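See below for final_33.cif, which holds mmCIF, C-alpha atoms.
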data_protein
loop_
_atom_site.group_PDB
_atom_site.id
_atom_site.type_symbol
_atom_site.label_atom_id
_atom_site.label_comp_id
_atom_site.auth_asym_id
_atom_site.auth_seq_id
_atom_site.Cartn_x
_atom_site.Cartn_y
_atom_site.Cartn_z
ATOM 1 C CA MET A 1 46.479 73.851 31.481
ATOM 2 C CA PHE A 2 44.996 75.069 28.169
ATOM 3 C CA LYS A 3 41.540 75.486 29.695
ATOM 4 C CA TYR A 4 42.852 78.141 32.063
ATOM 5 C CA ILE A 5 44.831 79.885 29.340
ATOM 6 C CA GLY A 6 41.757 79.817 27.121
ATOM 7 C CA ALA A 7 39.568 81.245 29.882
ATOM 8 C CA ALA A 8 41.982 84.138 30.443
ATOM 9 C CA LEU A 9 42.335 84.894 26.733
ATOM 10 C CA GLY A 10 38.599 84.729 26.197
ATOM 11 C CA PHE A 11 37.980 87.061 29.121
ATOM 12 C CA PHE A 12 40.334 89.762 27.855
ATOM 13 C CA LEU A 13 39.885 89.371 24.089
ATOM 14 C CA LEU A 14 36.117 89.697 24.372
ATOM 15 C CA GLY A 15 36.247 92.851 26.449
ATOM 16 C CA LYS A 16 36.655 91.324 29.889
ATOM 17 C CA SER A 17 33.534 89.309 29.282
ATOM 18 C CA PHE A 18 32.514 86.440 31.558
ATOM 19 C CA PHE A 19 30.899 84.845 28.496
ATOM 20 C CA GLY A 20 34.232 85.089 26.707
ATOM 21 C CA ALA A 21 35.924 83.321 29.598
ATOM 22 C CA ILE A 22 33.444 80.447 29.317
ATOM 23 C CA ILE A 23 34.080 80.104 25.588
ATOM 24 C CA GLY A 24 37.840 80.165 26.133
ATOM 25 C CA PHE A 25 37.590 77.617 28.938
ATOM 26 C CA SER A 26 35.568 75.253 26.714
ATOM 27 C CA ILE A 27 38.034 75.515 23.843
ATOM 28 C CA GLY A 28 40.973 75.021 26.195
ATOM 29 C CA SER A 29 39.325 71.944 27.732
ATOM 30 C CA PHE A 30 38.963 70.409 24.291
ATOM 31 C CA ILE A 31 42.662 71.025 23.602
ATOM 32 C CA ASP A 32 43.609 69.480 26.959
ATOM 33 C CA ASN A 33 41.587 66.372 26.135
ATOM 34 C CA TYR A 34 43.138 66.118 22.695
ATOM 35 C CA VAL A 35 46.697 66.468 23.993
ATOM 36 C CA SER A 36 46.119 63.918 26.760
ATOM 37 C CA GLY A 37 44.589 61.449 24.296
ATOM 38 C CA LYS A 38 41.188 61.527 26.026
ATOM 39 C CA PRO A 39 37.921 62.307 24.217
ATOM 40 C CA ALA A 40 35.831 65.124 25.626
ATOM 41 C CA ALA A 41 32.775 63.969 27.525
ATOM 42 C CA GLY A 42 30.013 63.388 25.039
ATOM 43 C CA GLY A 43 32.558 63.960 22.268
ATOM 44 C CA SER A 44 31.577 63.736 18.635
ATOM 45 C CA THR A 45 31.924 60.644 16.478
ATOM 46 C CA GLU A 46 34.901 62.211 14.729
ATOM 47 C CA ASP A 47 36.567 62.979 18.086
ATOM 48 C CA MET A 48 36.306 59.332 19.116
ATOM 49 C CA PHE A 49 37.664 58.116 15.791
ATOM 50 C CA ASP A 50 40.632 60.447 16.255
ATOM 51 C CA TYR A 51 41.097 58.939 19.717
ATOM 52 C CA TYR A 52 40.844 55.449 18.221
ATOM 53 C CA ARG A 53 43.517 56.225 15.620
ATOM 54 C CA ARG A 54 45.870 57.901 18.103
ATOM 55 C CA THR A 55 45.538 55.048 20.585
ATOM 56 C CA ALA A 56 46.039 52.400 17.916
ATOM 57 C CA ALA A 57 49.087 54.198 16.536
ATOM 58 C CA GLY A 58 50.644 54.519 19.988
ATOM 59 C CA SER A 59 49.956 51.026 21.289
ATOM 60 C CA ASN A 60 52.036 47.863 21.154
ATOM 61 C CA ASN A 61 49.124 46.059 19.559
ATOM 62 C CA ASP A 62 46.677 48.197 17.614
ATOM 63 C CA PHE A 63 44.365 45.195 17.311
ATOM 64 C CA ALA A 64 43.670 45.571 21.031
ATOM 65 C CA THR A 65 42.310 49.050 20.322
ATOM 66 C CA MET A 66 39.993 47.649 17.652
ATOM 67 C CA LEU A 67 38.757 45.017 20.091
ATOM 68 C CA SER A 68 38.277 47.578 22.864
ATOM 69 C CA ALA A 69 36.049 49.750 20.691
ATOM 70 C CA LEU A 70 33.876 46.882 19.442
ATOM 71 C CA SER A 71 33.783 45.232 22.877
ATOM 72 C CA ALA A 72 32.452 48.451 24.406
ATOM 73 C CA ALA A 73 29.770 48.691 21.723
ATOM 74 C CA VAL A 74 28.537 45.161 22.457
ATOM 75 C CA MET A 75 28.615 45.748 26.222
ATOM 76 C CA LYS A 76 26.441 48.843 25.779
ATOM 77 C CA ALA A 77 24.061 47.276 23.238
ATOM 78 C CA ASP A 78 21.351 46.309 25.725
ATOM 79 C CA GLY A 79 21.915 49.363 27.900
ATOM 80 C CA LYS A 80 23.468 47.506 30.816
ATOM 81 C CA PRO A 81 27.181 46.626 30.719
ATOM 82 C CA LEU A 82 27.630 43.658 33.042
ATOM 83 C CA LYS A 83 30.479 42.545 35.284
ATOM 84 C CA VAL A 84 30.387 39.060 33.739
ATOM 85 C CA GLU A 85 30.959 40.622 30.289
ATOM 86 C CA LEU A 86 33.890 42.629 31.645
ATOM 87 C CA GLU A 87 35.395 39.506 33.178
ATOM 88 C CA PHE A 88 35.095 37.719 29.816
ATOM 89 C CA ILE A 89 36.931 40.598 28.120
ATOM 90 C CA LYS A 90 39.617 40.808 30.817
ATOM 91 C CA SER A 91 40.330 37.089 30.521
ATOM 92 C CA PHE A 92 40.520 37.258 26.732
ATOM 93 C CA PHE A 93 42.762 40.343 26.688
ATOM 94 C CA SER A 94 45.109 38.947 29.314
ATOM 95 C CA LYS A 95 45.635 35.692 27.426
ATOM 96 C CA GLN A 96 45.664 37.266 23.958
ATOM 97 C CA PHE A 97 47.941 40.255 24.520
ATOM 98 C CA GLY A 98 49.673 39.411 27.799
ATOM 99 C CA PRO A 99 48.824 40.440 31.395
ATOM 100 C CA GLN A 100 51.408 43.239 31.240
ATOM 101 C CA TYR A 101 49.147 45.141 28.812
ATOM 102 C CA LEU A 102 45.840 44.452 30.570
ATOM 103 C CA ASN A 103 45.579 47.740 32.482
ATOM 104 C CA THR A 104 46.392 49.779 29.387
ATOM 105 C CA ASN A 105 43.824 47.907 27.310
ATOM 106 C CA LEU A 106 41.169 48.250 30.013
ATOM 107 C CA LYS A 107 41.739 52.018 30.144
ATOM 108 C CA THR A 108 41.086 52.150 26.400
ATOM 109 C CA LEU A 109 37.944 50.049 26.862
ATOM 110 C CA LYS A 110 36.797 52.438 29.621
ATOM 111 C CA HIS A 111 37.134 55.451 27.303
ATOM 112 C CA PHE A 112 34.883 53.826 24.743
ATOM 113 C CA LEU A 113 32.377 52.734 27.381
ATOM 114 C CA GLU A 114 32.144 56.293 28.714
ATOM 115 C CA SER A 115 31.741 57.867 25.272
ATOM 116 C CA ASP A 116 28.341 58.736 23.848
ATOM 117 C CA HIS A 117 29.619 57.923 20.364
ATOM 118 C CA ILE A 118 31.473 54.837 19.150
ATOM 119 C CA PRO A 119 32.195 55.387 15.437
ATOM 120 C CA LEU A 120 31.506 51.840 14.269
ATOM 121 C CA ASP A 121 31.389 52.758 10.574
ATOM 122 C CA GLN A 122 34.909 54.196 10.585
ATOM 123 C CA ILE A 123 36.397 51.612 12.935
ATOM 124 C CA CYS A 124 34.940 48.653 11.051
ATOM 125 C CA GLY A 125 36.102 50.215 7.795
ATOM 126 C CA ASP A 126 39.627 50.422 9.207
ATOM 127 C CA ILE A 127 39.493 46.798 10.374
ATOM 128 C CA SER A 128 38.140 45.602 7.006
ATOM 129 C CA SER A 129 40.898 47.357 5.109
ATOM 130 C CA ARG A 130 43.617 45.657 7.158
ATOM 131 C CA THR A 131 42.402 42.123 7.859
ATOM 132 C CA GLN A 132 41.328 39.035 5.947
ATOM 133 C CA VAL A 133 37.738 37.858 6.177
ATOM 134 C CA GLU A 134 38.748 34.804 8.245
ATOM 135 C CA VAL A 135 40.158 37.127 10.899
ATOM 136 C CA ARG A 136 37.009 39.277 10.867
ATOM 137 C CA ILE A 137 34.837 36.168 11.260
ATOM 138 C CA GLN A 138 36.890 35.140 14.288
ATOM 139 C CA LEU A 139 36.514 38.669 15.665
ATOM 140 C CA LEU A 140 32.729 38.376 15.329
ATOM 141 C CA HIS A 141 32.892 35.030 17.138
ATOM 142 C CA TYR A 142 34.641 36.802 20.029
ATOM 143 C CA LEU A 143 31.949 39.518 20.103
ATOM 144 C CA PHE A 144 29.220 36.871 20.255
ATOM 145 C CA GLY A 145 31.106 35.440 23.230
ATOM 146 C CA ILE A 146 30.753 38.778 25.061
ATOM 147 C CA ALA A 147 27.031 38.868 24.297
ATOM 148 C CA LYS A 148 26.580 35.303 25.591
ATOM 149 C CA ALA A 149 28.726 35.844 28.713
ATOM 150 C CA ASP A 150 25.612 36.307 30.851
ATOM 151 C CA GLY A 151 24.046 33.154 29.389
ATOM 152 C CA HIS A 152 21.672 34.967 27.035
ATOM 153 C CA VAL A 153 22.072 36.914 23.782
ATOM 154 C CA ALA A 154 19.573 39.790 23.814
ATOM 155 C CA GLU A 155 17.742 40.973 20.697
ATOM 156 C CA GLU A 156 19.509 44.345 20.938
ATOM 157 C CA GLU A 157 22.837 42.547 20.901
ATOM 158 C CA ILE A 158 21.834 40.484 17.865
ATOM 159 C CA ARG A 159 20.913 43.649 15.971
ATOM 160 C CA LEU A 160 24.208 45.320 16.843
ATOM 161 C CA LEU A 161 26.233 42.237 15.957
ATOM 162 C CA LYS A 162 24.461 42.075 12.597
ATOM 163 C CA ARG A 163 25.329 45.715 11.961
ATOM 164 C CA ILE A 164 28.972 45.101 12.886
ATOM 165 C CA SER A 165 29.015 42.007 10.680
ATOM 166 C CA ASP A 166 27.738 44.012 7.713
ATOM 167 C CA LEU A 167 30.224 46.820 8.343
ATOM 168 C CA LEU A 168 33.034 44.251 8.492
ATOM 169 C CA GLN A 169 31.823 42.881 5.135
ATOM 170 C CA ILE A 170 31.252 39.414 6.563
ATOM 171 C CA PRO A 171 28.935 37.334 4.328
ATOM 172 C CA ASN A 172 25.441 36.883 5.760
ATOM 173 C CA SER A 173 25.815 33.093 5.633
ATOM 174 C CA ASP A 174 28.788 33.331 8.008
ATOM 175 C CA PHE A 175 26.878 35.656 10.326
ATOM 176 C CA GLU A 176 23.923 33.255 10.460
ATOM 177 C CA SER A 177 26.247 30.330 11.138
ATOM 178 C CA LEU A 178 27.884 32.129 14.051
ATOM 179 C CA LYS A 179 24.578 33.410 15.406
ATOM 180 C CA ASN A 180 23.165 29.917 15.590
ATOM 181 C CA MET A 181 26.165 28.730 17.586
ATOM 182 C CA PHE A 182 25.141 31.154 20.345
ATOM 183 C CA TYR A 183 21.444 31.893 19.759
ATOM 184 C CA ARG A 184 19.798 28.559 19.146
ATOM 185 C CA ASP A 185 16.398 27.329 17.992
ATOM 186 C CA VAL A 186 15.081 24.022 16.593
ATOM 187 C CA ASN A 187 16.752 24.617 13.228
ATOM 188 C CA SER A 188 20.082 25.936 14.523
ATOM 189 C CA ASP A 189 22.090 22.843 13.539
ATOM 190 C CA TYR A 190 21.102 23.388 9.916
ATOM 191 C CA HIS A 191 21.792 27.115 10.085
ATOM 192 C CA VAL A 192 25.234 26.507 11.593
ATOM 193 C CA LEU A 193 26.024 24.679 8.346
ATOM 194 C CA GLY A 194 24.415 27.447 6.307
ATOM 195 C CA ILE A 195 21.524 25.343 4.988
ATOM 196 C CA GLU A 196 17.784 24.977 5.561
ATOM 197 C CA PRO A 197 16.013 21.990 7.191
ATOM 198 C CA GLY A 198 14.727 20.866 3.785
ATOM 199 C CA ALA A 199 18.249 20.269 2.448
ATOM 200 C CA THR A 200 18.983 16.898 0.851
ATOM 201 C CA GLU A 201 21.498 14.445 2.272
ATOM 202 C CA GLU A 202 24.001 15.380 -0.421
ATOM 203 C CA GLU A 203 23.502 19.111 0.283
ATOM 204 C CA ILE A 204 24.088 18.487 3.986
ATOM 205 C CA LYS A 205 27.353 16.627 3.357
ATOM 206 C CA LYS A 206 28.522 19.261 0.876
ATOM 207 C CA ALA A 207 27.711 22.092 3.302
ATOM 208 C CA TYR A 208 29.632 20.366 6.074
ATOM 209 C CA ARG A 209 32.723 19.904 3.899
ATOM 210 C CA GLN A 210 32.642 23.544 2.829
ATOM 211 C CA MET A 211 32.176 24.853 6.359
ATOM 212 C CA ALA A 212 34.868 22.552 7.750
ATOM 213 C CA ILE A 213 37.335 24.004 5.246
ATOM 214 C CA ARG A 214 36.218 27.607 5.743
ATOM 215 C CA TYR A 215 36.301 27.486 9.543
ATOM 216 C CA HIS A 216 39.364 25.320 10.020
ATOM 217 C CA PRO A 217 41.556 26.668 12.872
ATOM 218 C CA ASP A 218 44.550 26.816 10.543
ATOM 219 C CA LYS A 219 42.888 29.839 8.888
ATOM 220 C CA VAL A 220 43.843 31.951 11.913
ATOM 221 C CA ILE A 221 46.976 30.094 13.001
ATOM 222 C CA HIS A 222 48.948 33.376 12.932
ATOM 223 C CA MET A 223 46.756 34.882 15.646
ATOM 224 C CA GLY A 224 47.067 34.513 19.410
ATOM 225 C CA GLU A 225 46.195 31.723 21.810
ATOM 226 C CA GLU A 226 42.673 32.907 22.587
ATOM 227 C CA TYR A 227 41.777 33.266 18.903
ATOM 228 C CA GLN A 228 43.052 29.770 18.308
ATOM 229 C CA LYS A 229 40.880 28.555 21.168
ATOM 230 C CA GLY A 230 37.851 30.323 19.696
ATOM 231 C CA ALA A 231 38.549 28.916 16.233
ATOM 232 C CA LYS A 232 38.721 25.387 17.625
ATOM 233 C CA GLU A 233 35.451 25.904 19.511
ATOM 234 C CA LYS A 234 33.785 27.149 16.344
ATOM 235 C CA PHE A 235 35.101 24.216 14.338
ATOM 236 C CA GLN A 236 33.800 21.848 17.038
ATOM 237 C CA LYS A 237 30.334 23.460 16.829
ATOM 238 C CA ILE A 238 30.240 22.712 13.105
ATOM 239 C CA GLN A 239 31.151 19.094 13.705
ATOM 240 C CA GLU A 240 28.539 18.793 16.465
ATOM 241 C CA ALA A 241 25.833 20.300 14.257
ATOM 242 C CA TYR A 242 26.669 17.873 11.441
ATOM 243 C CA GLU A 243 26.615 14.866 13.775
ATOM 244 C CA ALA A 244 23.282 15.969 15.276
ATOM 245 C CA ILE A 245 21.705 16.268 11.811
ATOM 246 C CA LYS A 246 23.086 12.890 10.736
ATOM 247 C CA LYS A 247 21.703 11.252 13.874
ATOM 248 C CA ALA A 248 18.280 12.889 13.529
ATOM 249 C CA ARG A 249 17.958 11.887 9.866
ATOM 250 C CA GLY A 250 19.686 8.523 10.049
ATOM 251 C CA ILE A 251 22.481 9.509 7.669
ATOM 252 C CA ALA A 252 25.427 7.144 7.635
#
Taking this structure as input, can you express it in the form of structure tokens?
Amino acid sequence: MFKYIGAALGFFLLGKSFFGAIIGFSIGSFIDNYVSGKPAAGGSTEDMFDYYRRTAAGSNNDFATMLSALSAAVMKADGKPLKVELEFIKSFFSKQFGPQYLNTNLKTLKHFLESDHIPLDQICGDISSRTQVEVRIQLLHYLFGIAKADGHVAEEEIRLLKRISDLLQIPNSDFESLKNMFYRDVNSDYHVLGIEPGATEEEIKKAYRQMAIRYHPDKVIHMGEEYQKGAKEKFQKIQEAYEAIKKARGIA
């Protein structure tokens, strides 16, 4: 509606100028997008953050909006959003927030996927200001799950996940632990525990105790079913890494 009003006003106010009509149409289109809650195509970073805030404020679960934005960023990281990644997200959202909200959440995800700009700095800052570090670690675990949905975590995805981790103020040791649960090499069991292969037996046992406490599922017991599932999987990975190291080194 506003795009047509703008075109008419621009035409007459600028001396019945066709150029004025174009300017008015563009301004009116922006207003239409703002009123409808949709970012303009190729909208600026600030436009998308405004969309993020409006959507979060108007939703039944603003955490779903946070997840939609970060999920879209990970899907786009390697330049090729995949159906298997979308299916992973749909399953998580349905179980976490309820199937009755799935279509709404997927529409929000679609907006972020179609945008040229996902304002990660502002969104991660908002998440950091409102959540405990244990929740942010579990969120990063979920994002790694998207990256691994196709069976492989690409280098571009690792770089983006590291950036998100830093923006969420997650300690590097926690990032490395999570990364090595999904992106493994010969030393991954040690890195899951946050130590190096040269660690002593006592250092290994101490690291395991600390990680077992830090990653215990009870830390996110107030969150939904799917987060609880992810927390238990993460806790199991820590136990498996510890058992593998003990077996390899003959530790009782």
**Request:** Would you mind telling me which residue in A:Leu106, A:Ile238, A:Leu143, A:Ile118 lies nearest to Ser71 (chain A) when using all atoms listed in the file?
**Result:**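 When distances to Ser71 (chain A) are compared using all atoms listed in the file, the smallest one comes from A:Leu143.
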**Item:** Distance criterion (only C-alpha atoms): nearest to Ile127 (chain A) out of A:Glu240, A:Glu114, A:Asp62, A:Asp47
**Value:**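 Comparing A:Glu240, A:Glu114, A:Asp62, A:Asp47 against Ile127 (chain A), the winner is A:Asp62.
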**Pick from A:Val186, A:Leu139, A:Val133, A:Ala154 nearest to Lys234 (chain A), counting all atoms listed in the file** = A:Leu139
**Prompt:** If you count all atoms listed in the file, which residues fall within 9 Å of Asp150 (chain A), apart from same-chain ones fewer than 5 positions away, as a ChimeraX atom specification?
**Reply:** /A:82,84-85
Could you spell out the hits of the PyMOL selection byres ((chain A and resi 165) around 10) on the shown file, as a short mmCIF file (atom, residue, chain, number, x, y, z; two decimals) with C-alpha atoms, in the frame of the given file?
data_model
loop_
_atom_site.label_atom_id
_atom_site.label_comp_id
_atom_site.auth_asym_id
_atom_site.auth_seq_id
_atom_site.Cartn_x
_atom_site.Cartn_y
_atom_site.Cartn_z
CA CYS A 124 34.94 48.65 11.05
CA ARG A 136 37.01 39.28 10.87
CA ILE A 137 34.84 36.17 11.26
CA LEU A 139 36.51 38.67 15.66
CA LEU A 140 32.73 38.38 15.33
CA ARG A 159 20.91 43.65 15.97
CA LEU A 160 24.21 45.32 16.84
CA LEU A 161 26.23 42.24 15.96
CA LYS A 162 24.46 42.08 12.60
CA ARG A 163 25.33 45.72 11.96
CA ILE A 164 28.97 45.10 12.89
CA ASP A 166 27.74 44.01 7.71
CA LEU A 167 30.22 46.82 8.34
CA LEU A 168 33.03 44.25 8.49
CA GLN A 169 31.82 42.88 5.14
CA ILE A 170 31.25 39.41 6.56
CA PRO A 171 28.94 37.33 4.33
CA ASN A 172 25.44 36.88 5.76
CA ASP A 174 28.79 33.33 8.01
CA PHE A 175 26.88 35.66 10.33
#
**Request:** Calculate how many Å separate CA of Asp218 (chain A) from CA of Glu87 (chain A), rounding to one decimal.
**Result:**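 Calculated distance between CA of Asp218 (chain A) and CA of Glu87 (chain A) is 27.5 Å.
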**Asked** Which residue gives the smallest distance to Phe63 (chain A) among A:Ala149, A:Met223, A:Met48, A:Ala241, with only C-alpha atoms counted?
**Response**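 Closest residue, counting only C-alpha atoms: A:Met223.
Taken over the shown file, the PyMOL selection byres ((chain A and resi 251) around 12) identifies Thr200, Glu201, Glu202, Ile204, Lys205, Tyr242, Glu243, Ala244, Ile245, Lys246, Lys247, Ala248, Arg249, Gly250 and Ala252 of chain A.
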Write a file of the just-selected residues containing C-alpha atoms, as a PDB file, in the coordinates of the input.
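Ended up saving to part-v7.pdb:
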ATOM      1  CA  THR A 200      18.983  16.898   0.851  1.00  0.00           C
ATOM      2  CA  GLU A 201      21.498  14.445   2.272  1.00  0.00           C
ATOM      3  CA  GLU A 202      24.001  15.380  -0.421  1.00  0.00           C
ATOM      4  CA  ILE A 204      24.088  18.487   3.986  1.00  0.00           C
ATOM      5  CA  LYS A 205      27.353  16.627   3.357  1.00  0.00           C
ATOM      6  CA  TYR A 242      26.669  17.873  11.441  1.00  0.00           C
ATOM      7  CA  GLU A 243      26.615  14.866  13.775  1.00  0.00           C
ATOM      8  CA  ALA A 244      23.282  15.969  15.276  1.00  0.00           C
ATOM      9  CA  ILE A 245      21.705  16.268  11.811  1.00  0.00           C
ATOM     10  CA  LYS A 246      23.086  12.890  10.736  1.00  0.00           C
ATOM     11  CA  LYS A 247      21.703  11.252  13.874  1.00  0.00           C
ATOM     12  CA  ALA A 248      18.280  12.889  13.529  1.00  0.00           C
ATOM     13  CA  ARG A 249      17.958  11.887   9.866  1.00  0.00           C
ATOM     14  CA  GLY A 250      19.686   8.523  10.049  1.00  0.00           C
ATOM     15  CA  ALA A 252      25.427   7.144   7.635  1.00  0.00           C
TER      16      ALA A 252
END
**Prompt:** With all atoms listed in the file as the basis for distance, which of A:Asp121, A:Phe93, A:Glu176, A:Gln138 is at the shortest distance from Ser188 (chain A)?
**Reply:**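 So, comparing all the options, the nearest one is A:Glu176.
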**Residue nearest Phe97 (chain A) among A:Thr131, A:His191, A:Glu225, A:Met66 (counting all atoms listed in the file)** = A:Glu225
**Fill in**
Students should find that CA of Glu157 (chain A) and CA of Asn103 (chain A) are spaced 26.0 Å
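Going from CA of Ser94 (chain A) to CA of Leu109 (chain A) covers 13.4 Å.
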**Message:** For the provided coordinates, the residues matched by the PyMOL selection byres ((chain A and resi 77) around 9) should be stated as a list in words.
**Reply:** Ala72, Ala73, Val74, Met75, Lys76, Asp78, Gly79, Lys80, Pro81, Ala147, Ala154, Glu156, Glu157, Ile158, Arg159 and Leu160 of chain A
**Test item: residues at most 9 Å from Val220 (chain A), all atoms listed in the file, excluding those fewer than 3 positions along its chain, as a list in words** =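 Selected residues are Glu134, Val135, Gln138, His216, Pro217, Met223, Gly224, Tyr227, Gln228 and Ala231 of chain A.
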